[in-house]
Structure formats: C-alpha cells, structure tokens
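Q: Provided herewith is a single structure, encoded as structure tokens, for subsequent inquiry.
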Amino acid sequence: MKKLFVLVAAIAMVAQAQAGFFGKKTKVSSSTSWSTLKKLKNSVVEFDVPSLKLANAGNTSVMFVCVDGDEFRTIKKIKKCVSRDRLPGDRRGEYRCTEYKEFYGVQAMTYDAKVCAKYARTRGGEGNCIKYRTVTIDVPLSYEIPVYKARRTNRRDGNYNSQRGRKLFTKNYTIPSCH
C-alpha cells in the first residue's frame, strides 16, 4: 500500500512538472488583436514593426503614433533632457539631468526628404554620398505585417534568445486616429 501511494505521488509530481515545463499552448491567428500579439512577442510570436522617422525626435515604431489631422504624432509625450550638471565628486564625466522638456514627436503625412543619388567608394569599401536629390515621401496609414512563430534558444547565462520560426500569417495594422 505504501509503495502504491509513493508511485501515485511520483506520477502526479512528474505530470505537474511536465505541465509547468511545457506550458499551455497559446493559439494565435490573424484575428488575434495587436494588443494580444504585442504581449506574446518573443515568447509565442515574432514580428517586425515598420518605423517612422519623426521630424523632431528620430525614429519610432508606427505602433507608437496616431493620426492628428494631416500629420502623425506620438501617442505619449517624449521626455528629453535639455540641461545637465556634472555629478558632485565625479571624475568620470557622468552627468545628471536637471531639466526636462516634454513634447510630442510629429511628422507630416507627406514630406520632402533629401536622399543620396550617387555614392563614391572609398578605400575601406564604404561609400560617401557625392550627390543628393529631394524626394517626396507619402507615409502609408496601413501596413501588412508578417507574423512568425517564435523559436526560443537557451543561452548559457540562463536567459534565452527569441528567433523567427515559420510564417504563421500576415496581419494588417492601421495607424489609429488620435483621441
């Protein structure tokens, strides 16, 4: 009787450990919302989101902007350091920010950009631009984004890397209007 109890307990522990190790399968499809897909990124799915160059703040994901009239703006304000002081007693050149400026990143839906029209090769193999031209950029409102199965590979430090597996589906993302 004691052996039977130990055997049942051992089987229950192994079953529980396997359920926790393998986890519950999460099913995703093209009808899965973007908010759910973002939460599952790197663990269940992988996808690359297009970026948008802002006129006043560098690049950002199209998922972080909204449409405000005839321009795009960031959904949240950007916080930028505008004044710094050196840390007292620090000799390594470290600074602390003493004043911040908060603003929305913006970009017109249609804008002119200067792009390289002709490169000249240098000895190192890299090129320098020797002629520029101006092009008109029309930023699209919708994107077809391929969604892939995430493959996890374990690293020596106990963490993991997420890699792109097979393509699951393509999902449309439309930049929403600002509220």
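Note on naming: chains are A, B, ... as they come in the structure tokens, residues start from 1 per chain, ligands start from 1 in the order shown.
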Find the residues around A:Lys114 up to 7 Å (only C-alpha atoms counted), leave out those fewer than 3 positions away in its own chain, and share them as a PyMOL selection string.

A: chain A and resi 132-135

Q: Can you tell me, as a PDB file with N, CA, C and O atoms, in the first residue's frame, what residues are no more than 12 Å from A:Leu40 when counting only C-alpha atoms, ignoring any on the same chain fewer than 6 positions away?

A:
ATOM      1  N   LYS A  25      -0.354  25.621 -24.623  1.00  0.00           N
ATOM      2  CA  LYS A  25      -0.172  26.106 -25.990  1.00  0.00           C
ATOM      3  C   LYS A  25      -1.072  27.317 -26.201  1.00  0.00           C
ATOM      4  O   LYS A  25      -2.253  27.280 -25.913  1.00  0.00           O
ATOM      5  N   THR A  26      -0.484  28.392 -26.697  1.00  0.00           N
ATOM      6  CA  THR A  26      -1.250  29.594 -26.992  1.00  0.00           C
ATOM      7  C   THR A  26      -1.492  29.635 -28.483  1.00  0.00           C
ATOM      8  O   THR A  26      -0.555  29.612 -29.269  1.00  0.00           O
ATOM      9  N   LYS A  27      -2.757  29.682 -28.863  1.00  0.00           N
ATOM     10  CA  LYS A  27      -3.104  29.707 -30.277  1.00  0.00           C
ATOM     11  C   LYS A  27      -3.297  31.149 -30.705  1.00  0.00           C
ATOM     12  O   LYS A  27      -3.954  31.928 -30.030  1.00  0.00           O
ATOM     13  N   VAL A  28      -2.685  31.501 -31.834  1.00  0.00           N
ATOM     14  CA  VAL A  28      -2.850  32.825 -32.404  1.00  0.00           C
ATOM     15  C   VAL A  28      -3.271  32.678 -33.859  1.00  0.00           C
ATOM     16  O   VAL A  28      -2.957  31.674 -34.504  1.00  0.00           O
ATOM     17  N   THR A  32      -6.381  37.487 -34.010  1.00  0.00           N
ATOM     18  CA  THR A  32      -5.854  37.871 -32.696  1.00  0.00           C
ATOM     19  C   THR A  32      -5.523  39.362 -32.712  1.00  0.00           C
ATOM     20  O   THR A  32      -4.936  39.862 -33.668  1.00  0.00           O
ATOM     21  N   SER A  33      -5.914  40.081 -31.680  1.00  0.00           N
ATOM     22  CA  SER A  33      -5.707  41.538 -31.633  1.00  0.00           C
ATOM     23  C   SER A  33      -4.220  41.874 -31.541  1.00  0.00           C
ATOM     24  O   SER A  33      -3.419  41.080 -31.051  1.00  0.00           O
ATOM     25  N   TRP A  34      -3.881  43.089 -32.002  1.00  0.00           N
ATOM     26  CA  TRP A  34      -2.492  43.534 -31.916  1.00  0.00           C
ATOM     27  C   TRP A  34      -2.048  43.673 -30.467  1.00  0.00           C
ATOM     28  O   TRP A  34      -0.896  43.403 -30.137  1.00  0.00           O
ATOM     29  N   GLU A  46       6.829  36.323 -33.337  1.00  0.00           N
ATOM     30  CA  GLU A  46       7.838  37.325 -33.699  1.00  0.00           C
ATOM     31  C   GLU A  46       7.275  38.141 -34.847  1.00  0.00           C
ATOM     32  O   GLU A  46       6.622  37.594 -35.737  1.00  0.00           O
ATOM     33  N   PHE A  47       7.507  39.444 -34.839  1.00  0.00           N
ATOM     34  CA  PHE A  47       7.149  40.288 -35.973  1.00  0.00           C
ATOM     35  C   PHE A  47       7.968  41.560 -35.913  1.00  0.00           C
ATOM     36  O   PHE A  47       8.406  41.980 -34.850  1.00  0.00           O
ATOM     37  N   VAL A 147       3.618  37.788 -39.406  1.00  0.00           N
ATOM     38  CA  VAL A 147       3.768  37.307 -38.026  1.00  0.00           C
ATOM     39  C   VAL A 147       4.327  35.890 -38.102  1.00  0.00           C
ATOM     40  O   VAL A 147       3.824  35.047 -38.840  1.00  0.00           O
ATOM     41  N   TYR A 148       5.387  35.643 -37.336  1.00  0.00           N
ATOM     42  CA  TYR A 148       6.092  34.360 -37.351  1.00  0.00           C
ATOM     43  C   TYR A 148       5.982  33.677 -35.995  1.00  0.00           C
ATOM     44  O   TYR A 148       5.798  34.342 -34.973  1.00  0.00           O
ATOM     45  N   LYS A 149       6.150  32.380 -36.006  1.00  0.00           N
ATOM     46  CA  LYS A 149       6.234  31.623 -34.758  1.00  0.00           C
ATOM     47  C   LYS A 149       7.586  31.921 -34.122  1.00  0.00           C
ATOM     48  O   LYS A 149       8.602  31.984 -34.806  1.00  0.00           O
ATOM     49  N   ALA A 150       7.612  32.137 -32.826  1.00  0.00           N
ATOM     50  CA  ALA A 150       8.873  32.408 -32.123  1.00  0.00           C
ATOM     51  C   ALA A 150       9.529  31.086 -31.748  1.00  0.00           C
ATOM     52  O   ALA A 150       8.868  30.158 -31.294  1.00  0.00           O
ATOM     53  N   SER A 162      15.074  34.854 -28.685  1.00  0.00           N
ATOM     54  CA  SER A 162      13.909  34.527 -29.476  1.00  0.00           C
ATOM     55  C   SER A 162      14.275  34.708 -30.943  1.00  0.00           C
ATOM     56  O   SER A 162      14.838  35.727 -31.320  1.00  0.00           O
TER      57      SER A 162
END

Q: Where does DSSP see helix (DSSP H, G or I) in stretch 17-129 of chain A, if you list the residues as an MDAnalysis selection string?

A: chainID A and resid 17:22 34:40 62:64

Q: Can you list every residue in chain A that DSSP puts in strand (DSSP E), as a PyMOL selection string?

A: chain A and resi 45-46+51-54+58-61+65-68+71-74+78-86+95-103+106-108+110-121+127-138+142-154+160-174

Q: Set the distance at 8 Å and use only C-alpha atoms: which residues neighbour A:Ile130 once local chain neighbours fewer than 4 positions away are removed? I'd like the list as a list in words.

A: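 After dropping sequence-adjacent residues, the list is Cys116, Ala117, Lys118, Tyr119 and Ala120 of chain A.
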
Q: Export C-alpha atoms of the chosen residues as a PDB file, in the first residue's frame?

A:
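What follows is the written file again.pdb:
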ATOM      1  CA  CYS A 116      21.643  60.172 -51.727  1.00  0.00           C
ATOM      2  CA  ALA A 117      21.576  59.937 -55.529  1.00  0.00           C
ATOM      3  CA  LYS A 118      25.221  58.969 -56.134  1.00  0.00           C
ATOM      4  CA  TYR A 119      27.890  57.295 -53.985  1.00  0.00           C
ATOM      5  CA  ALA A 120      31.678  57.401 -54.318  1.00  0.00           C
TER       6      ALA A 120
END

Q: Give me, please, the distance in Å between atom CA of A:Lys77 and atom CA of A:Thr136, quoted to one decimal.

A: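 Computing it gives 27.0 Å between the two atoms.
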
Q: Using only C-alpha atoms, which of the listed residues (A:Leu37, A:Ile145, A:Ile75, A:Ala113) sits closest to A:Ser177?

A: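 Of all the options, A:Ile75 lies closest to A:Ser177.
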
Q: For a quick check of understanding, using only C-alpha atoms, which of A:Leu54, A:Val44, A:Leu168, A:Ile175 has the smallest distance to A:Ala108?

A: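 Smallest separation from A:Ala108 among the options: A:Leu54.
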
Q: For each of A:Ile78, A:Ala57, A:Cys129, A:Cys66, take the minimum atom-to-atom distance to A:Phe103, counting only C-alpha atoms, then give the residue where this is smallest.

A: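 Nearest candidate to A:Phe103 out of A:Ile78, A:Ala57, A:Cys129, A:Cys66: A:Ile78.
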
Q: So how many Å separate atom CA of A:Ala55 and atom CA of A:Glu71, to one decimal?

A: 10.5 Å

Q: Using only C-alpha atoms, which protein or nucleic acid residues come within 7 Å of A:Ile137? Drop anything in the same chain fewer than 4 positions from it, and give the result as a list of chain:residue names.

A: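 With the cut-off at 7 Å, the set is A:Thr110, A:Tyr111, A:Asp112, A:Ala113.
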
Q: Write the selection just made, keeping N, CA and C atoms, as a tab-separated table (two decimals), in the first residue's frame?

A:
chain	number	residue	atom	x	y	z
A	110	THR	N	2.88	63.66	-45.62
A	110	THR	CA	3.64	63.82	-46.85
A	110	THR	C	4.72	64.85	-46.58
A	111	TYR	N	5.98	64.50	-46.89
A	111	TYR	CA	7.07	65.43	-46.64
A	111	TYR	C	8.19	65.20	-47.66
A	112	ASP	N	9.05	66.20	-47.82
A	112	ASP	CA	10.20	66.09	-48.71
A	112	ASP	C	11.42	65.65	-47.91
A	113	ALA	N	12.19	64.74	-48.49
A	113	ALA	CA	13.40	64.24	-47.82
A	113	ALA	C	14.57	64.29	-48.79
